[in-house]
Amino acid sequence: MGNDDFELPRLEGNPLPEEHAEYVIRRLEKFIRDGRTLDEGMSFRKWQFMAKKEIALAIAEAQSAHKFDEINSRRALFISAAALTTIGFWGTAISMERVAYLPGGIVCLIAGLTMLFVAGGGRYRRYTNRKDDAKRTRRLIKIQSLNKRVKALERDLEDEEKRLDKSIKKLKKINKTSL
């Protein structure tokens, strides 16, 4: 079977995280088959297992975050609707002079503050999410920098090891010839 005969499955509807992961793995598999070399890489089965788990985890987390946002949006909508209904009812009662101004005004004020608090909570959550994203980005940059430094140190150590091995071999030769 040639590389051109390799077909990708189709994603239709609302796929499960595992199905989405399988699709991405098939796409990566096609990429590997088209561009692999014989002398590099890990076993394909091991890579496939690791990639599937990581991708499924990422997709599940994304879906979970989406559901959380949807639940919060519904909650905010419900609270806002209840606050507006409360303000409308008590405002009408005040205007028809069925309730004193002070108690009706306090109820309307509490409902309005509740609605503002809910709206502000969403904005605050977005603000903290952006801050967290920025922190995560800075941490990833630091990790990449540390990884580069560690790799450079490993190369330096390997070079030092080779240099010392050569020195030891030379010393052994000198010791053998002097005996």
# chains A, B, ... in the order shown; residues from 1 in each chain; ligands from 1

$ residues_around --residues "stretch 107-116 of chain A" --least-positions-apart "2" --cutoff "6 Å" --atoms "only C-alpha atoms" --output "JSON, numbers by chain"
{"A": [80, 83, 87, 104, 105, 118, 119, 120]}

$ write_last_selection --atoms "N, CA, C and O atoms" --output "PDB file, in the first residue's frame"
ATOM      1  N   SER A  80     -29.492  37.599  35.672  1.00  0.00           N
ATOM      2  CA  SER A  80     -29.813  38.911  35.096  1.00  0.00           C
ATOM      3  C   SER A  80     -31.309  39.038  34.809  1.00  0.00           C
ATOM      4  O   SER A  80     -31.918  40.078  35.077  1.00  0.00           O
ATOM      5  N   ALA A  83     -33.070  39.521  38.082  1.00  0.00           N
ATOM      6  CA  ALA A  83     -32.855  40.872  38.601  1.00  0.00           C
ATOM      7  C   ALA A  83     -33.702  41.888  37.838  1.00  0.00           C
ATOM      8  O   ALA A  83     -34.319  42.783  38.440  1.00  0.00           O
ATOM      9  N   ILE A  87     -36.640  44.202  39.392  1.00  0.00           N
ATOM     10  CA  ILE A  87     -36.638  45.664  39.249  1.00  0.00           C
ATOM     11  C   ILE A  87     -37.933  46.133  38.600  1.00  0.00           C
ATOM     12  O   ILE A  87     -38.552  47.115  39.036  1.00  0.00           O
ATOM     13  N   GLY A 104     -39.031  49.796  48.445  1.00  0.00           N
ATOM     14  CA  GLY A 104     -39.006  49.443  47.019  1.00  0.00           C
ATOM     15  C   GLY A 104     -37.686  49.816  46.376  1.00  0.00           C
ATOM     16  O   GLY A 104     -37.133  49.063  45.560  1.00  0.00           O
ATOM     17  N   GLY A 105     -37.173  50.987  46.750  1.00  0.00           N
ATOM     18  CA  GLY A 105     -35.876  51.418  46.208  1.00  0.00           C
ATOM     19  C   GLY A 105     -34.743  50.512  46.662  1.00  0.00           C
ATOM     20  O   GLY A 105     -33.833  50.201  45.883  1.00  0.00           O
ATOM     21  N   VAL A 118     -22.874  40.182  38.801  1.00  0.00           N
ATOM     22  CA  VAL A 118     -22.808  39.047  37.872  1.00  0.00           C
ATOM     23  C   VAL A 118     -22.085  39.456  36.597  1.00  0.00           C
ATOM     24  O   VAL A 118     -21.216  38.732  36.098  1.00  0.00           O
ATOM     25  N   ALA A 119     -22.433  40.629  36.053  1.00  0.00           N
ATOM     26  CA  ALA A 119     -21.760  41.098  34.827  1.00  0.00           C
ATOM     27  C   ALA A 119     -20.275  41.351  35.085  1.00  0.00           C
ATOM     28  O   ALA A 119     -19.420  41.009  34.268  1.00  0.00           O
ATOM     29  N   GLY A 120     -19.972  41.948  36.230  1.00  0.00           N
ATOM     30  CA  GLY A 120     -18.569  42.207  36.573  1.00  0.00           C
ATOM     31  C   GLY A 120     -17.793  40.931  36.827  1.00  0.00           C
ATOM     32  O   GLY A 120     -16.595  40.860  36.560  1.00  0.00           O
TER      33      GLY A 120
END

$ atom_distance --atom1 "atom CA of A:Ile59" --atom2 "atom CA of A:Glu18"
8.4 Å

$ atom_distance --atom1 "atom CA of A:Arg163" --atom2 "atom CA of A:Lys148"
22.4 Å
